$ cat entry_30.txt   # compact mmCIF, C-alpha atoms and all ligand atoms
# COMPACT_ATOMS: atom_id res chain seq x y z
CA MET A 1 -23.02 -25.44 -77.42
CA ILE A 2 -21.94 -25.23 -73.77
CA SER A 3 -21.85 -21.45 -73.91
CA GLU A 4 -25.40 -21.35 -75.31
CA LYS A 5 -26.69 -23.68 -72.62
CA LEU A 6 -24.99 -21.60 -69.94
CA ALA A 7 -26.53 -18.41 -71.32
CA THR A 8 -29.99 -20.01 -71.40
CA ILE A 9 -29.72 -21.21 -67.80
CA LYS A 10 -28.38 -17.87 -66.57
CA LYS A 11 -31.47 -16.15 -67.96
CA THR A 12 -33.65 -18.26 -65.69
CA ILE A 13 -31.59 -17.65 -62.53
CA PRO A 14 -31.68 -14.43 -60.49
CA SER A 15 -28.27 -12.71 -60.37
CA SER A 16 -28.23 -13.19 -56.59
CA VAL A 17 -28.12 -16.97 -57.01
CA CYS A 18 -24.68 -18.51 -57.57
CA LEU A 19 -24.52 -20.93 -60.48
CA VAL A 20 -22.04 -23.73 -59.82
CA ALA A 21 -21.32 -25.57 -63.08
CA VAL A 22 -20.94 -29.23 -62.16
CA SER A 23 -18.23 -30.52 -64.49
CA LYS A 24 -17.51 -33.95 -62.96
CA THR A 25 -16.43 -36.57 -65.52
CA LYS A 26 -16.20 -33.88 -68.24
CA PRO A 27 -12.97 -33.16 -70.13
CA ILE A 28 -10.89 -30.02 -69.57
CA SER A 29 -11.98 -28.69 -72.98
CA ASP A 30 -15.61 -28.52 -71.78
CA LEU A 31 -14.57 -26.52 -68.73
CA GLN A 32 -12.49 -24.21 -70.92
CA GLU A 33 -15.51 -23.54 -73.09
CA ALA A 34 -17.58 -22.64 -70.04
CA TYR A 35 -14.72 -20.52 -68.69
CA GLN A 36 -14.51 -18.60 -71.96
CA ALA A 37 -18.24 -17.92 -71.66
CA GLY A 38 -17.54 -16.31 -68.28
CA GLN A 39 -18.22 -19.19 -65.90
CA ARG A 40 -15.97 -19.07 -62.82
CA TYR A 41 -17.60 -21.50 -60.36
CA PHE A 42 -17.09 -25.19 -61.01
CA GLY A 43 -18.26 -28.19 -58.97
CA GLU A 44 -16.53 -31.56 -58.83
CA ASN A 45 -17.19 -34.63 -56.69
CA LYS A 46 -13.81 -36.40 -56.84
CA VAL A 47 -10.69 -35.01 -55.18
CA GLN A 48 -8.18 -36.28 -57.70
CA GLU A 49 -10.17 -35.15 -60.72
CA MET A 50 -10.77 -31.70 -59.24
CA THR A 51 -7.09 -31.30 -58.37
CA GLU A 52 -5.98 -32.22 -61.89
CA LYS A 53 -8.40 -29.70 -63.36
CA TRP A 54 -7.31 -27.02 -60.88
CA GLU A 55 -3.66 -27.57 -61.88
CA THR A 56 -4.48 -27.13 -65.57
CA LEU A 57 -7.07 -24.36 -65.65
CA PRO A 58 -6.85 -20.60 -64.87
CA LYS A 59 -6.39 -19.76 -61.21
CA ASP A 60 -9.33 -17.39 -60.91
CA ILE A 61 -11.74 -20.35 -60.95
CA HIS A 62 -13.55 -21.09 -57.69
CA TRP A 63 -13.56 -24.84 -57.09
CA HIS A 64 -16.51 -26.34 -55.21
CA LEU A 65 -16.25 -29.87 -53.81
CA ILE A 66 -19.78 -31.24 -53.92
CA GLY A 67 -19.33 -34.96 -53.31
CA HIS A 68 -18.75 -37.12 -50.26
CA LEU A 69 -15.27 -36.32 -48.93
CA GLN A 70 -12.98 -38.76 -47.13
CA THR A 71 -10.83 -37.31 -44.35
CA ASN A 72 -7.61 -38.72 -45.83
CA LYS A 73 -8.17 -36.70 -49.01
CA VAL A 74 -8.77 -33.26 -47.50
CA LYS A 75 -5.06 -32.40 -47.67
CA TYR A 76 -5.06 -32.45 -51.48
CA ILE A 77 -7.74 -29.77 -51.86
CA ALA A 78 -7.01 -27.64 -48.78
CA PRO A 79 -4.57 -25.30 -50.61
CA TYR A 80 -7.11 -24.16 -53.17
CA VAL A 81 -10.71 -25.28 -52.59
CA HIS A 82 -13.21 -22.41 -52.44
CA LEU A 83 -16.15 -24.18 -50.80
CA ILE A 84 -16.74 -27.72 -49.52
CA HIS A 85 -20.48 -28.49 -49.79
CA SER A 86 -20.47 -31.91 -48.19
CA VAL A 87 -19.45 -31.74 -44.53
CA ASP A 88 -21.38 -34.39 -42.61
CA SER A 89 -19.29 -35.06 -39.48
CA LEU A 90 -17.22 -33.38 -36.78
CA LYS A 91 -14.32 -35.66 -37.69
CA LEU A 92 -14.28 -34.36 -41.26
CA LEU A 93 -14.60 -30.76 -40.07
CA ALA A 94 -11.66 -31.29 -37.69
CA GLU A 95 -9.51 -32.53 -40.56
CA ILE A 96 -10.49 -29.59 -42.78
CA ASN A 97 -9.58 -27.25 -39.92
CA LYS A 98 -6.22 -28.98 -39.48
CA GLN A 99 -5.36 -28.83 -43.18
CA GLY A 100 -6.64 -25.25 -43.39
CA ALA A 101 -4.22 -24.29 -40.61
CA LYS A 102 -1.32 -25.90 -42.47
CA CYS A 103 -2.12 -23.76 -45.52
CA HIS A 104 -2.81 -20.62 -43.44
CA ARG A 105 -6.34 -20.54 -44.82
CA VAL A 106 -9.84 -20.32 -43.44
CA ILE A 107 -11.76 -22.87 -45.50
CA SER A 108 -15.47 -22.27 -46.14
CA VAL A 109 -17.80 -25.23 -45.77
CA LEU A 110 -21.49 -26.11 -45.89
CA LEU A 111 -23.13 -28.65 -43.61
CA GLN A 112 -24.83 -31.27 -45.72
CA PHE A 113 -28.29 -32.28 -44.56
CA TYR A 114 -30.21 -35.40 -45.21
CA ILE A 115 -33.54 -34.25 -46.63
CA ALA A 116 -34.44 -36.97 -49.15
CA LYS A 117 -36.54 -40.05 -48.48
CA GLU A 118 -33.82 -42.23 -49.98
CA GLU A 119 -31.48 -44.36 -47.90
CA THR A 120 -28.34 -43.73 -49.92
CA LYS A 121 -27.90 -39.97 -49.48
CA PHE A 122 -25.32 -38.64 -47.04
CA GLY A 123 -25.96 -35.91 -44.54
CA LEU A 124 -26.73 -34.74 -41.03
CA ASP A 125 -30.07 -34.29 -39.33
CA PHE A 126 -30.86 -31.28 -37.16
CA GLY A 127 -29.93 -33.02 -33.90
CA GLU A 128 -26.54 -34.10 -35.20
CA ALA A 129 -25.82 -30.61 -36.54
CA SER A 130 -26.74 -28.97 -33.21
CA GLN A 131 -24.54 -31.40 -31.34
CA LEU A 132 -21.66 -30.61 -33.69
CA LEU A 133 -22.12 -26.84 -33.45
CA ASN A 134 -22.43 -26.98 -29.65
CA SER A 135 -19.26 -29.00 -29.17
CA ASP A 136 -16.16 -27.46 -27.60
CA GLU A 137 -14.08 -28.97 -30.38
CA TYR A 138 -16.07 -27.12 -33.05
CA LYS A 139 -15.80 -23.87 -31.09
CA SER A 140 -12.01 -24.23 -31.07
CA PHE A 141 -11.71 -24.37 -34.88
CA GLU A 142 -10.04 -21.28 -36.32
CA ASN A 143 -9.41 -22.42 -39.88
CA ILE A 144 -12.91 -23.25 -41.06
CA GLN A 145 -16.06 -21.21 -41.41
CA VAL A 146 -19.51 -22.70 -41.83
CA VAL A 147 -21.23 -20.51 -44.42
CA GLY A 148 -24.48 -22.41 -44.85
CA VAL A 149 -26.23 -25.67 -45.66
CA MET A 150 -26.52 -28.08 -48.56
CA GLY A 151 -29.03 -30.76 -49.47
CA MET A 152 -30.21 -33.04 -52.23
CA ALA A 153 -33.87 -33.72 -52.82
CA SER A 154 -35.29 -37.15 -53.61
CA PHE A 155 -34.89 -38.36 -57.17
CA THR A 156 -38.56 -38.21 -58.15
CA ASP A 157 -40.88 -36.52 -60.64
CA ASP A 158 -43.22 -35.62 -57.80
CA GLU A 159 -42.71 -31.86 -57.51
CA LEU A 160 -44.62 -31.71 -54.24
CA ILE A 161 -42.13 -34.02 -52.54
CA VAL A 162 -39.14 -32.11 -53.92
CA LYS A 163 -40.66 -28.75 -52.95
CA GLU A 164 -41.36 -30.03 -49.44
CA GLU A 165 -37.76 -31.25 -49.05
CA PHE A 166 -36.30 -27.94 -50.22
CA SER A 167 -38.59 -26.04 -47.90
CA GLN A 168 -37.42 -28.30 -45.06
CA LEU A 169 -33.79 -27.36 -45.82
CA LYS A 170 -34.67 -23.66 -45.78
CA GLU A 171 -36.33 -24.14 -42.37
CA LEU A 172 -33.23 -25.93 -41.09
CA PHE A 173 -31.08 -23.05 -42.34
CA LEU A 174 -33.25 -20.49 -40.54
CA LYS A 175 -33.22 -22.50 -37.31
CA LEU A 176 -29.43 -22.79 -37.37
CA LYS A 177 -29.12 -19.10 -38.19
CA THR A 178 -31.20 -18.19 -35.15
CA LEU A 179 -29.51 -20.62 -32.78
CA PHE A 180 -25.87 -20.50 -33.84
CA PHE A 181 -25.15 -17.80 -36.43
CA LEU A 182 -27.40 -14.88 -35.54
CA ASN A 183 -24.83 -12.14 -36.10
CA VAL A 184 -22.65 -14.04 -38.52
CA ASP A 185 -23.19 -12.45 -41.93
CA SER A 186 -21.14 -15.09 -43.71
CA PHE A 187 -23.68 -17.79 -42.78
CA LYS A 188 -25.98 -17.17 -45.74
CA GLU A 189 -25.82 -19.99 -48.29
CA ILE A 190 -28.44 -22.60 -49.08
CA SER A 191 -26.99 -24.91 -51.72
CA MET A 192 -29.90 -26.77 -53.30
CA GLY A 193 -31.10 -27.50 -56.81
CA MET A 194 -29.62 -29.51 -59.70
CA SER A 195 -30.47 -29.74 -63.41
CA GLY A 196 -33.89 -31.30 -62.83
CA ASP A 197 -35.06 -29.17 -59.93
CA TYR A 198 -33.12 -25.91 -59.68
CA GLN A 199 -36.14 -23.73 -60.57
CA LEU A 200 -38.09 -25.31 -57.73
CA ALA A 201 -35.11 -24.89 -55.41
CA ILE A 202 -34.83 -21.17 -56.21
CA GLU A 203 -38.54 -20.73 -55.48
CA GLN A 204 -37.86 -22.29 -52.08
CA GLY A 205 -34.94 -19.98 -51.26
CA SER A 206 -31.83 -21.53 -52.80
CA THR A 207 -28.81 -19.18 -52.99
CA MET A 208 -26.60 -21.64 -54.88
CA VAL A 209 -27.57 -24.16 -57.56
CA ARG A 210 -25.37 -27.04 -58.73
CA VAL A 211 -26.12 -27.67 -62.37
CA GLY A 212 -24.30 -30.31 -64.41
CA SER A 213 -26.06 -32.16 -67.21
CA SER A 214 -28.14 -29.17 -68.36
CA ILE A 215 -24.87 -27.37 -69.15
CA PHE A 216 -22.47 -30.12 -70.18
CA GLY A 217 -24.87 -32.83 -71.35
CA GLY A 218 -25.45 -36.29 -69.88
CA ARG A 219 -22.71 -38.26 -68.17
C1 LIG B 1 -23.74 -34.53 -60.00
C2 LIG B 1 -24.25 -33.63 -58.94
C3 LIG B 1 -24.98 -32.46 -59.27
C4 LIG B 1 -25.37 -32.08 -60.68
O1 LIG B 1 -26.34 -32.96 -61.17
P1 LIG B 1 -27.07 -32.68 -62.58
O2 LIG B 1 -28.33 -33.45 -62.47
O3 LIG B 1 -26.16 -33.20 -63.63
O4 LIG B 1 -27.30 -31.23 -62.70
C5 LIG B 1 -25.36 -31.63 -58.22
N1 LIG B 1 -25.05 -31.91 -56.94
C6 LIG B 1 -24.36 -33.02 -56.60
C7 LIG B 1 -24.08 -33.26 -55.16
C8 LIG B 1 -23.95 -33.91 -57.58
O5 LIG B 1 -23.26 -35.01 -57.22

$ encode --input "entry_30.txt" --output "structure tokens" --more "lines below"
Ligand SMILES: *Cc1c(COP(=O)(O)O)cnc(C)c1O
Amino acid sequence: MISEKLATIKKTIPSSVCLVAVSKTKPISDLQEAYQAGQRYFGENKVQEMTEKWETLPKDIHWHLIGHLQTNKVKYIAPYVHLIHSVDSLKLLAEINKQGAKCHRVISVLLQFYIAKEETKFGLDFGEASQLLNSDEYKSFENIQVVGVMGMASFTDDELIVKEEFSQLKELFLKLKTLFFLNVDSFKEISMGMSGDYQLAIEQGSTMVRVGSSIFGGR
């Protein structure tokens, strides 16, 4: 079942786009099924759950933290996390840098932007991101690398709104690239698109989609 759904989704995604299988709340057996079908990128939104799964499953899996991250929990994922999608403050970035140093790692992160019309979504705006990237503290970090941006569109059936929000994130990415990462090849990821809107996101330039329920079923 899961392997068939994965295969179907992969057919609709260009090979240049990374498919992150969002397995939050799902049992280990579901992840094993996806793993056996070749899936190596998994997304989780809770530190404890992700760490338990990491301990149990094969070590060639790349673990993506996609949910809001509290500073006091960074230490649990620092030894193994592949990419943190949800950085929305300098304070959090400082803690990731500190824990990265302890593990002798450079931890890759995305800056999460607020693109939706909804009040509840986390994320930075352009001004806040520029301030962060211009700060001396940020420039002193040696154990993190910002590899791109992440955003969530509004939860709506109106494709025009969703398309507009994705296009806004792409614009933000390009602006940051020009201003802060011009010769930094590793700054290249735009994480946008979920089960309901990943096709639209890819049309707007997504390089990484986070797909959960279309692979593993509803939660
Ligand atoms: C849960 C979640 C997803 C996946 O959502 P689906 O609609 O199940 O595909 C993607 N991104 C984030 C940040 C999530 O929390």

$ closest_residue --input "entry_30.txt" --among "A:Gln112, A:Ser135, A:Thr71, A:Ser15" --to "Lys98 (chain A)" --atoms "all atoms listed in the file"
A:Thr71

$ residues_around --input "entry_30.txt" --residues "region 174-190 of chain A" --least-positions-apart "4" --cutoff "6 Å" --atoms "only C-alpha atoms" --output "list in words"
Val147, Gly148, Val149, Met150, Ser206 and Thr207 of chain A

$ closest_residue --input "entry_30.txt" --among "A:Pro14, A:Gly196, A:Pro58, A:Gly127" --to "ligand LIG 1 (chain B)" --atoms "all atoms listed in the file"
A:Gly196

$ closest_residue --input "entry_30.txt" --among "A:Ser167, A:Thr156, A:Gln99, A:Thr25" --to "Glu203 (chain A)" --atoms "all atoms listed in the file"
A:Ser167

$ residues_near_ligand --input "entry_30.txt" --ligand "ligand LIG 1 (chain B)" --cutoff "6 Å" --atoms "all atoms listed in the file" --output "list in words"
Val22, Ile66, Gly67, Met194, Ser195, Gly196, Arg210, Val211, Gly212 and Ser213 of chain A

$ residues_around --input "entry_30.txt" --residues "Gly123 (chain A)" --least-positions-apart "2" --cutoff "12 Å" --atoms "all atoms listed in the file" --output "PyMOL selection string"
chain A and resi 67-69+85-90+110-116+118-121+125-129+149-153+169

$ atom_distance --input "entry_30.txt" --atom1 "CA of Met50 (chain A)" --atom2 "CA of Glu4 (chain A)"
24.1 Å

$ residues_near_point --input "entry_30.txt" --point "(-9.7, -17.2, -45.7)" --cutoff "9 Å" --atoms "only C-alpha atoms" --output "PyMOL selection string"
chain A and resi 100+104-108+143-145

$ atom_distance --input "entry_30.txt" --atom1 "CA of His62 (chain A)" --atom2 "CA of Ala21 (chain A)"
10.5 Å

$ atom_distance --input "entry_30.txt" --atom1 "CA of Lys24 (chain A)" --atom2 "CA of Glu44 (chain A)"
4.9 Å

$ axis_aligned_box --input "entry_30.txt" --around "region 77-83 of chain A" --padding-each-side "6 Å" --output "JSON"
{"center_x": -10.4, "center_y": -26.1, "center_z": -51.0, "size_x": 23.6, "size_y": 19.4, "size_z": 16.4}

$ residues_around --input "entry_30.txt" --residues "Asn72 (chain A)" --least-positions-apart "5" --cutoff "12 Å" --atoms "only C-alpha atoms" --output "PyMOL selection string"
chain A and resi 47+77-78+91-92+94-96+98-99

$ residues_around --input "entry_30.txt" --residues "Asp30 (chain A)" --least-positions-apart "4" --cutoff "12 Å" --atoms "only C-alpha atoms" --output "CSV table (one decimal) with C-alpha atoms, keeping the file's coordinate frame"
chain,number,residue,atom,x,y,z
A,1,MET,CA,-23.0,-25.4,-77.4
A,2,ILE,CA,-21.9,-25.2,-73.8
A,3,SER,CA,-21.8,-21.4,-73.9
A,6,LEU,CA,-25.0,-21.6,-69.9
A,21,ALA,CA,-21.3,-25.6,-63.1
A,22,VAL,CA,-20.9,-29.2,-62.2
A,23,SER,CA,-18.2,-30.5,-64.5
A,24,LYS,CA,-17.5,-34.0,-63.0
A,25,THR,CA,-16.4,-36.6,-65.5
A,26,LYS,CA,-16.2,-33.9,-68.2
A,34,ALA,CA,-17.6,-22.6,-70.0
A,35,TYR,CA,-14.7,-20.5,-68.7
A,36,GLN,CA,-14.5,-18.6,-72.0
A,37,ALA,CA,-18.2,-17.9,-71.7
A,39,GLN,CA,-18.2,-19.2,-65.9
A,42,PHE,CA,-17.1,-25.2,-61.0
A,53,LYS,CA,-8.4,-29.7,-63.4
A,57,LEU,CA,-7.1,-24.4,-65.6
A,212,GLY,CA,-24.3,-30.3,-64.4
A,213,SER,CA,-26.1,-32.2,-67.2
A,215,ILE,CA,-24.9,-27.4,-69.2
A,216,PHE,CA,-22.5,-30.1,-70.2
A,217,GLY,CA,-24.9,-32.8,-71.4

$ closest_residue --input "entry_30.txt" --among "A:Val162, A:Ala7, A:Val17, A:Val146" --to "Met208 (chain A)" --atoms "only C-alpha atoms"
A:Val17

$ closest_residue --input "entry_30.txt" --among "A:Ser140, A:Ser191, A:Gln199, A:Ser16" --to "Val109 (chain A)" --atoms "all atoms listed in the file"
A:Ser191

$ build_atoms --input "entry_30.txt" --residues "region 152-175 of chain A" --atoms "N, CA and C atoms" --output "PDB file, keeping the file's coordinate frame"
ATOM      1  N   MET A 152     -29.738 -32.469 -50.967  1.00  0.00           N
ATOM      2  CA  MET A 152     -30.210 -33.040 -52.230  1.00  0.00           C
ATOM      3  C   MET A 152     -31.600 -33.600 -52.027  1.00  0.00           C
ATOM      4  N   ALA A 153     -32.499 -33.218 -52.923  1.00  0.00           N
ATOM      5  CA  ALA A 153     -33.870 -33.720 -52.820  1.00  0.00           C
ATOM      6  C   ALA A 153     -33.943 -35.149 -53.356  1.00  0.00           C
ATOM      7  N   SER A 154     -35.058 -35.806 -53.079  1.00  0.00           N
ATOM      8  CA  SER A 154     -35.290 -37.150 -53.610  1.00  0.00           C
ATOM      9  C   SER A 154     -35.290 -37.119 -55.131  1.00  0.00           C
ATOM     10  N   PHE A 155     -34.891 -38.232 -55.721  1.00  0.00           N
ATOM     11  CA  PHE A 155     -34.890 -38.360 -57.170  1.00  0.00           C
ATOM     12  C   PHE A 155     -36.283 -38.832 -57.587  1.00  0.00           C
ATOM     13  N   THR A 156     -37.168 -37.862 -57.820  1.00  0.00           N
ATOM     14  CA  THR A 156     -38.560 -38.210 -58.150  1.00  0.00           C
ATOM     15  C   THR A 156     -39.166 -37.131 -59.032  1.00  0.00           C
ATOM     16  N   ASP A 157     -40.170 -37.501 -59.816  1.00  0.00           N
ATOM     17  CA  ASP A 157     -40.880 -36.520 -60.640  1.00  0.00           C
ATOM     18  C   ASP A 157     -41.936 -35.782 -59.834  1.00  0.00           C
ATOM     19  N   ASP A 158     -42.172 -36.226 -58.623  1.00  0.00           N
ATOM     20  CA  ASP A 158     -43.220 -35.620 -57.800  1.00  0.00           C
ATOM     21  C   ASP A 158     -42.733 -34.272 -57.241  1.00  0.00           C
ATOM     22  N   GLU A 159     -43.176 -33.198 -57.887  1.00  0.00           N
ATOM     23  CA  GLU A 159     -42.710 -31.860 -57.510  1.00  0.00           C
ATOM     24  C   GLU A 159     -43.071 -31.492 -56.077  1.00  0.00           C
ATOM     25  N   LEU A 160     -44.184 -32.035 -55.605  1.00  0.00           N
ATOM     26  CA  LEU A 160     -44.620 -31.710 -54.240  1.00  0.00           C
ATOM     27  C   LEU A 160     -43.622 -32.227 -53.211  1.00  0.00           C
ATOM     28  N   ILE A 161     -43.124 -33.425 -53.457  1.00  0.00           N
ATOM     29  CA  ILE A 161     -42.130 -34.020 -52.540  1.00  0.00           C
ATOM     30  C   ILE A 161     -40.851 -33.186 -52.565  1.00  0.00           C
ATOM     31  N   VAL A 162     -40.391 -32.859 -53.780  1.00  0.00           N
ATOM     32  CA  VAL A 162     -39.140 -32.110 -53.920  1.00  0.00           C
ATOM     33  C   VAL A 162     -39.282 -30.731 -53.262  1.00  0.00           C
ATOM     34  N   LYS A 163     -40.409 -30.071 -53.523  1.00  0.00           N
ATOM     35  CA  LYS A 163     -40.660 -28.750 -52.950  1.00  0.00           C
ATOM     36  C   LYS A 163     -40.652 -28.814 -51.418  1.00  0.00           C
ATOM     37  N   GLU A 164     -41.280 -29.837 -50.884  1.00  0.00           N
ATOM     38  CA  GLU A 164     -41.360 -30.030 -49.440  1.00  0.00           C
ATOM     39  C   GLU A 164     -39.963 -30.236 -48.839  1.00  0.00           C
ATOM     40  N   GLU A 165     -39.110 -30.991 -49.554  1.00  0.00           N
ATOM     41  CA  GLU A 165     -37.760 -31.250 -49.050  1.00  0.00           C
ATOM     42  C   GLU A 165     -36.907 -29.983 -49.085  1.00  0.00           C
ATOM     43  N   PHE A 166     -37.038 -29.210 -50.142  1.00  0.00           N
ATOM     44  CA  PHE A 166     -36.300 -27.940 -50.220  1.00  0.00           C
ATOM     45  C   PHE A 166     -36.765 -26.977 -49.130  1.00  0.00           C
ATOM     46  N   SER A 167     -38.055 -26.944 -48.915  1.00  0.00           N
ATOM     47  CA  SER A 167     -38.590 -26.040 -47.900  1.00  0.00           C
ATOM     48  C   SER A 167     -38.108 -26.449 -46.504  1.00  0.00           C
ATOM     49  N   GLN A 168     -37.965 -27.763 -46.314  1.00  0.00           N
ATOM     50  CA  GLN A 168     -37.420 -28.300 -45.060  1.00  0.00           C
ATOM     51  C   GLN A 168     -35.968 -27.825 -44.856  1.00  0.00           C
ATOM     52  N   LEU A 169     -35.192 -27.798 -45.925  1.00  0.00           N
ATOM     53  CA  LEU A 169     -33.790 -27.360 -45.820  1.00  0.00           C
ATOM     54  C   LEU A 169     -33.725 -25.866 -45.482  1.00  0.00           C
ATOM     55  N   LYS A 170     -34.610 -25.090 -46.090  1.00  0.00           N
ATOM     56  CA  LYS A 170     -34.670 -23.660 -45.780  1.00  0.00           C
ATOM     57  C   LYS A 170     -35.003 -23.444 -44.301  1.00  0.00           C
ATOM     58  N   GLU A 171     -35.960 -24.224 -43.787  1.00  0.00           N
ATOM     59  CA  GLU A 171     -36.330 -24.140 -42.370  1.00  0.00           C
ATOM     60  C   GLU A 171     -35.131 -24.485 -41.470  1.00  0.00           C
ATOM     61  N   LEU A 172     -34.417 -25.538 -41.852  1.00  0.00           N
ATOM     62  CA  LEU A 172     -33.230 -25.930 -41.090  1.00  0.00           C
ATOM     63  C   LEU A 172     -32.210 -24.790 -41.062  1.00  0.00           C
ATOM     64  N   PHE A 173     -32.008 -24.185 -42.247  1.00  0.00           N
ATOM     65  CA  PHE A 173     -31.080 -23.050 -42.340  1.00  0.00           C
ATOM     66  C   PHE A 173     -31.496 -21.947 -41.371  1.00  0.00           C
ATOM     67  N   LEU A 174     -32.775 -21.588 -41.385  1.00  0.00           N
ATOM     68  CA  LEU A 174     -33.250 -20.490 -40.540  1.00  0.00           C
ATOM     69  C   LEU A 174     -33.101 -20.816 -39.048  1.00  0.00           C
ATOM     70  N   LYS A 175     -33.367 -22.071 -38.699  1.00  0.00           N
ATOM     71  CA  LYS A 175     -33.220 -22.500 -37.310  1.00  0.00           C
ATOM     72  C   LYS A 175     -31.757 -22.389 -36.855  1.00  0.00           C
TER      73      LYS A 175
END
